[in-house]
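Chemist: Dropping in protein_24.pdb, with PDB, C-alpha atoms, pLDDT in the B column.
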```pdb
ATOM      1  CA  MET A1282      43.259 116.987 105.364  1.00 61.00           C
ATOM      2  CA  ASP A1283      43.999 113.262 105.376  1.00 83.00           C
ATOM      3  CA  VAL A1284      45.668 111.704 108.407  1.00 84.00           C
ATOM      4  CA  ILE A1285      47.769 108.593 107.862  1.00 89.00           C
ATOM      5  CA  LYS A1286      47.887 106.275 110.883  1.00 92.00           C
ATOM      6  CA  ILE A1287      50.426 103.474 111.294  1.00 94.00           C
ATOM      7  CA  THR A1288      49.779 101.002 114.101  1.00 95.00           C
ATOM      8  CA  PRO A1289      52.333  98.753 115.829  1.00 95.00           C
ATOM      9  CA  GLU A1290      50.665  95.746 114.191  1.00 96.00           C
ATOM     10  CA  GLU A1291      51.145  97.287 110.745  1.00 96.00           C
ATOM     11  CA  LEU A1292      54.800  97.991 111.504  1.00 95.00           C
ATOM     12  CA  ARG A1293      55.378  94.389 112.602  1.00 95.00           C
ATOM     13  CA  SER A1294      53.497  93.062 109.580  1.00 95.00           C
ATOM     14  CA  THR A1295      55.680  95.138 107.262  1.00 92.00           C
ATOM     15  CA  ALA A1296      58.836  93.952 109.007  1.00 92.00           C
ATOM     16  CA  GLY A1297      57.726  90.326 108.709  1.00 91.00           C
ATOM     17  CA  ALA A1298      56.871  90.745 105.029  1.00 89.00           C
ATOM     18  CA  LEU A1299      60.321  92.217 104.351  1.00 84.00           C
ATOM     19  CA  ARG A1300      61.985  89.242 106.014  1.00 84.00           C
ATOM     20  CA  ILE A1301      59.865  86.732 104.075  1.00 82.00           C
ATOM     21  CA  LEU A1302      60.433  88.436 100.737  1.00 80.00           C
ATOM     22  CA  LEU A1303      64.171  88.579 101.313  1.00 76.00           C
ATOM     23  CA  SER A1304      64.470  84.968 102.388  1.00 71.00           C
ATOM     24  CA  ASP A1305      62.484  83.840  99.322  1.00 66.00           C
ATOM     25  CA  ALA A1306      64.242  86.074  96.811  1.00 65.00           C
ATOM     26  CA  GLY A1307      67.839  85.868  98.021  1.00 64.00           C
ATOM     27  CA  VAL A1308      68.275  89.513  97.035  1.00 61.00           C
ATOM     28  CA  GLY A1309      71.542  91.406  97.504  1.00 63.00           C
ATOM     29  CA  GLY A1310      71.528  94.157 100.122  1.00 64.00           C
ATOM     30  CA  VAL A1311      69.735  91.905 102.565  1.00 73.00           C
ATOM     31  CA  GLY A1312      71.613  93.388 105.516  1.00 76.00           C
ATOM     32  CA  LYS A1313      70.158  96.869 105.014  1.00 76.00           C
ATOM     33  CA  ALA A1314      66.640  95.540 104.568  1.00 79.00           C
ATOM     34  CA  LEU A1315      66.957  93.429 107.718  1.00 83.00           C
ATOM     35  CA  GLU A1316      68.138  96.527 109.589  1.00 85.00           C
ATOM     36  CA  LEU A1317      65.042  98.349 108.350  1.00 87.00           C
ATOM     37  CA  ALA A1318      62.820  95.470 109.467  1.00 90.00           C
ATOM     38  CA  ALA A1319      64.457  95.590 112.912  1.00 93.00           C
ATOM     39  CA  LYS A1320      63.774  99.341 113.098  1.00 93.00           C
ATOM     40  CA  TYR A1321      60.085  98.721 112.345  1.00 93.00           C
ATOM     41  CA  ASP A1322      59.989  96.158 115.151  1.00 95.00           C
ATOM     42  CA  LYS A1323      61.686  98.552 117.588  1.00 96.00           C
ATOM     43  CA  LEU A1324      59.314 101.360 116.658  1.00 94.00           C
ATOM     44  CA  ALA A1325      56.325  99.070 117.238  1.00 95.00           C
ATOM     45  CA  CYS A1326      57.670  98.146 120.691  1.00 95.00           C
ATOM     46  CA  LYS A1327      58.276 101.825 121.528  1.00 94.00           C
ATOM     47  CA  LEU A1328      54.728 102.782 120.547  1.00 94.00           C
ATOM     48  CA  GLU A1329      53.313 100.020 122.729  1.00 95.00           C
ATOM     49  CA  ALA A1330      55.594 100.906 125.648  1.00 96.00           C
ATOM     50  CA  ASP A1331      54.378 104.501 125.419  1.00 94.00           C
ATOM     51  CA  LYS A1332      50.754 103.279 125.273  1.00 94.00           C
ATOM     52  CA  ARG A1333      50.329 104.814 121.811  1.00 93.00           C
ATOM     53  CA  GLU A1334      47.808 103.295 119.432  1.00 93.00           C
ATOM     54  CA  ALA A1335      49.496 104.624 116.293  1.00 93.00           C
ATOM     55  CA  LEU A1336      51.808 107.148 114.734  1.00 90.00           C
ATOM     56  CA  GLU A1337      49.846 109.796 112.931  1.00 88.00           C
ATOM     57  CA  PHE A1338      51.254 111.542 109.910  1.00 84.00           C
ATOM     58  CA  ILE A1339      49.561 114.745 108.839  1.00 82.00           C
ATOM     59  CA  PRO A1340      51.055 115.698 105.454  1.00 79.00           C
ATOM     60  CA  ALA A1341      51.043 119.436 106.176  1.00 76.00           C
ATOM     61  CA  LYS A1342      52.519 119.058 109.684  1.00 69.00           C
ATOM     62  CA  GLY A1343      54.644 115.898 109.721  1.00 63.00           C
ATOM     63  CA  VAL A1344      54.637 113.019 112.201  1.00 64.00           C
ATOM     64  CA  GLN A1345      52.628 113.360 115.410  1.00 62.00           C
ATOM     65  CA  ALA A1346      53.163 110.799 118.187  1.00 57.00           C
TER      66      ALA A1346
END
```
Taking this structure as input, can you express it in the form of structure tokens?

Modeler:
Amino acid sequence: MDVIKITPEELRSTAGALRILLSDAGVGGVGKALELAAKYDKLACKLEADKREALEFIPAKGVQA
């Protein structure tokens, strides 16, 4: 069974990429995407505050913190 791990750094990188893509493209619906980017940042901070290295997703079981 494969385990998918998402680290705080990956979450922040994804959030930053969303912001860059949106600022370059001038796409409609920017507000929702920026909200999503902010959620990724908050989740990264929460993982670090809880001293967690990553979220682990096990497809058969769901997300494990």

Chemist: For the provided coordinates, the residues matched by the PyMOL selection byres ((chain A and resi 1286) around 7) should be stated as a ChimeraX atom specification.

Modeler: /A:1284-1285,1287-1288,1335-1338

Chemist: Work out how far CA of Asp1322 in chain A is from CA of Glu1290 in chain A, in Å to one decimal.

Modeler: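 Taking CA of Glu1290 in chain A as the start and CA of Asp1322 in chain A as the end point, the length is 9.4 Å.
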
Chemist: Determine the residue set returned by the PyMOL selection byres ((chain A and resi 1319) around 12) for the present structure, and present it as a PyMOL selection string.

Modeler: chain A and resi 1292-1300+1312-1318+1320-1326

Chemist: Using the partial input, fill out range 1301-1335 of chain A with N, CA and C atoms; write the result as a PDB file, keeping the file's coordinate frame.

Modeler:
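Saved result, result21.pdb, follows:
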```
ATOM      1  N   ILE A1301      60.325  87.845 104.912  1.00 82.00           N
ATOM      2  CA  ILE A1301      59.865  86.732 104.075  1.00 82.00           C
ATOM      3  C   ILE A1301      60.282  86.948 102.619  1.00 82.00           C
ATOM      4  N   LEU A1302      60.060  88.142 102.117  1.00 80.00           N
ATOM      5  CA  LEU A1302      60.433  88.436 100.737  1.00 80.00           C
ATOM      6  C   LEU A1302      61.925  88.244 100.509  1.00 80.00           C
ATOM      7  N   LEU A1303      62.722  88.698 101.464  1.00 76.00           N
ATOM      8  CA  LEU A1303      64.171  88.579 101.313  1.00 76.00           C
ATOM      9  C   LEU A1303      64.629  87.136 101.384  1.00 76.00           C
ATOM     10  N   SER A1304      64.043  86.361 102.269  1.00 71.00           N
ATOM     11  CA  SER A1304      64.470  84.968 102.388  1.00 71.00           C
ATOM     12  C   SER A1304      64.064  84.177 101.154  1.00 71.00           C
ATOM     13  N   ASP A1305      62.937  84.532 100.534  1.00 66.00           N
ATOM     14  CA  ASP A1305      62.484  83.840  99.322  1.00 66.00           C
ATOM     15  C   ASP A1305      63.268  84.268  98.086  1.00 66.00           C
ATOM     16  N   ALA A1306      63.625  85.544  98.020  1.00 65.00           N
ATOM     17  CA  ALA A1306      64.242  86.074  96.811  1.00 65.00           C
ATOM     18  C   ALA A1306      65.759  85.959  96.794  1.00 65.00           C
ATOM     19  N   GLY A1307      66.386  85.905  97.969  1.00 64.00           N
ATOM     20  CA  GLY A1307      67.839  85.868  98.021  1.00 64.00           C
ATOM     21  C   GLY A1307      68.464  87.111  97.399  1.00 64.00           C
ATOM     22  N   VAL A1308      67.866  88.245  97.634  1.00 61.00           N
ATOM     23  CA  VAL A1308      68.275  89.513  97.035  1.00 61.00           C
ATOM     24  C   VAL A1308      69.522  90.065  97.717  1.00 61.00           C
ATOM     25  N   GLY A1309      70.384  90.730  96.926  1.00 63.00           N
ATOM     26  CA  GLY A1309      71.542  91.406  97.504  1.00 63.00           C
ATOM     27  C   GLY A1309      71.078  92.586  98.343  1.00 63.00           C
ATOM     28  N   GLY A1310      71.912  93.044  99.255  1.00 64.00           N
ATOM     29  CA  GLY A1310      71.528  94.157 100.122  1.00 64.00           C
ATOM     30  C   GLY A1310      70.594  93.725 101.240  1.00 64.00           C
ATOM     31  N   VAL A1311      70.619  92.450 101.542  1.00 73.00           N
ATOM     32  CA  VAL A1311      69.735  91.905 102.565  1.00 73.00           C
ATOM     33  C   VAL A1311      69.996  92.547 103.922  1.00 73.00           C
ATOM     34  N   GLY A1312      71.254  92.818 104.215  1.00 76.00           N
ATOM     35  CA  GLY A1312      71.613  93.388 105.516  1.00 76.00           C
ATOM     36  C   GLY A1312      70.881  94.684 105.797  1.00 76.00           C
ATOM     37  N   LYS A1313      70.838  95.585 104.835  1.00 76.00           N
ATOM     38  CA  LYS A1313      70.158  96.869 105.014  1.00 76.00           C
ATOM     39  C   LYS A1313      68.663  96.672 105.211  1.00 76.00           C
ATOM     40  N   ALA A1314      68.072  95.785 104.441  1.00 79.00           N
ATOM     41  CA  ALA A1314      66.640  95.540 104.568  1.00 79.00           C
ATOM     42  C   ALA A1314      66.316  94.913 105.917  1.00 79.00           C
ATOM     43  N   LEU A1315      67.182  94.032 106.400  1.00 83.00           N
ATOM     44  CA  LEU A1315      66.957  93.429 107.718  1.00 83.00           C
ATOM     45  C   LEU A1315      67.102  94.475 108.822  1.00 83.00           C
ATOM     46  N   GLU A1316      68.021  95.418 108.635  1.00 85.00           N
ATOM     47  CA  GLU A1316      68.138  96.527 109.589  1.00 85.00           C
ATOM     48  C   GLU A1316      66.856  97.346 109.611  1.00 85.00           C
ATOM     49  N   LEU A1317      66.291  97.598 108.442  1.00 87.00           N
ATOM     50  CA  LEU A1317      65.042  98.349 108.350  1.00 87.00           C
ATOM     51  C   LEU A1317      63.913  97.588 109.040  1.00 87.00           C
ATOM     52  N   ALA A1318      63.843  96.289 108.820  1.00 90.00           N
ATOM     53  CA  ALA A1318      62.820  95.470 109.467  1.00 90.00           C
ATOM     54  C   ALA A1318      62.978  95.539 110.988  1.00 90.00           C
ATOM     55  N   ALA A1319      64.210  95.503 111.470  1.00 93.00           N
ATOM     56  CA  ALA A1319      64.457  95.590 112.912  1.00 93.00           C
ATOM     57  C   ALA A1319      64.016  96.954 113.456  1.00 93.00           C
ATOM     58  N   LYS A1320      64.217  98.008 112.677  1.00 93.00           N
ATOM     59  CA  LYS A1320      63.774  99.341 113.098  1.00 93.00           C
ATOM     60  C   LYS A1320      62.254  99.394 113.221  1.00 93.00           C
ATOM     61  N   TYR A1321      61.550  98.768 112.267  1.00 93.00           N
ATOM     62  CA  TYR A1321      60.085  98.721 112.345  1.00 93.00           C
ATOM     63  C   TYR A1321      59.647  98.008 113.611  1.00 93.00           C
ATOM     64  N   ASP A1322      60.325  96.896 113.927  1.00 95.00           N
ATOM     65  CA  ASP A1322      59.989  96.158 115.151  1.00 95.00           C
ATOM     66  C   ASP A1322      60.232  97.009 116.402  1.00 95.00           C
ATOM     67  N   LYS A1323      61.367  97.697 116.437  1.00 96.00           N
ATOM     68  CA  LYS A1323      61.686  98.552 117.588  1.00 96.00           C
ATOM     69  C   LYS A1323      60.678  99.687 117.740  1.00 96.00           C
ATOM     70  N   LEU A1324      60.291 100.279 116.617  1.00 94.00           N
ATOM     71  CA  LEU A1324      59.314 101.360 116.658  1.00 94.00           C
ATOM     72  C   LEU A1324      57.971 100.849 117.175  1.00 94.00           C
ATOM     73  N   ALA A1325      57.573  99.663 116.753  1.00 95.00           N
ATOM     74  CA  ALA A1325      56.325  99.070 117.238  1.00 95.00           C
ATOM     75  C   ALA A1325      56.389  98.864 118.753  1.00 95.00           C
ATOM     76  N   CYS A1326      57.506  98.353 119.244  1.00 95.00           N
ATOM     77  CA  CYS A1326      57.670  98.146 120.691  1.00 95.00           C
ATOM     78  C   CYS A1326      57.624  99.476 121.441  1.00 95.00           C
ATOM     79  N   LYS A1327      58.260 100.506 120.891  1.00 94.00           N
ATOM     80  CA  LYS A1327      58.276 101.825 121.528  1.00 94.00           C
ATOM     81  C   LYS A1327      56.867 102.402 121.606  1.00 94.00           C
ATOM     82  N   LEU A1328      56.104 102.280 120.529  1.00 94.00           N
ATOM     83  CA  LEU A1328      54.728 102.782 120.547  1.00 94.00           C
ATOM     84  C   LEU A1328      53.914 102.084 121.623  1.00 94.00           C
ATOM     85  N   GLU A1329      54.060 100.775 121.714  1.00 95.00           N
ATOM     86  CA  GLU A1329      53.313 100.020 122.729  1.00 95.00           C
ATOM     87  C   GLU A1329      53.774 100.381 124.138  1.00 95.00           C
ATOM     88  N   ALA A1330      55.072 100.541 124.330  1.00 96.00           N
ATOM     89  CA  ALA A1330      55.594 100.906 125.648  1.00 96.00           C
ATOM     90  C   ALA A1330      55.075 102.271 126.087  1.00 96.00           C
ATOM     91  N   ASP A1331      54.894 103.162 125.125  1.00 94.00           N
ATOM     92  CA  ASP A1331      54.378 104.501 125.419  1.00 94.00           C
ATOM     93  C   ASP A1331      52.851 104.556 125.421  1.00 94.00           C
ATOM     94  N   LYS A1332      52.225 103.387 125.284  1.00 94.00           N
ATOM     95  CA  LYS A1332      50.754 103.279 125.273  1.00 94.00           C
ATOM     96  C   LYS A1332      50.134 104.093 124.134  1.00 94.00           C
ATOM     97  N   ARG A1333      50.827 104.114 122.998  1.00 93.00           N
ATOM     98  CA  ARG A1333      50.329 104.814 121.811  1.00 93.00           C
ATOM     99  C   ARG A1333      49.654 103.811 120.894  1.00 93.00           C
ATOM    100  N   GLU A1334      48.517 104.179 120.350  1.00 93.00           N
ATOM    101  CA  GLU A1334      47.808 103.295 119.432  1.00 93.00           C
ATOM    102  C   GLU A1334      48.406 103.335 118.033  1.00 93.00           C
ATOM    103  N   ALA A1335      48.967 104.484 117.646  1.00 93.00           N
ATOM    104  CA  ALA A1335      49.496 104.624 116.293  1.00 93.00           C
ATOM    105  C   ALA A1335      50.342 105.880 116.177  1.00 93.00           C
TER     106      ALA A1335
END
```
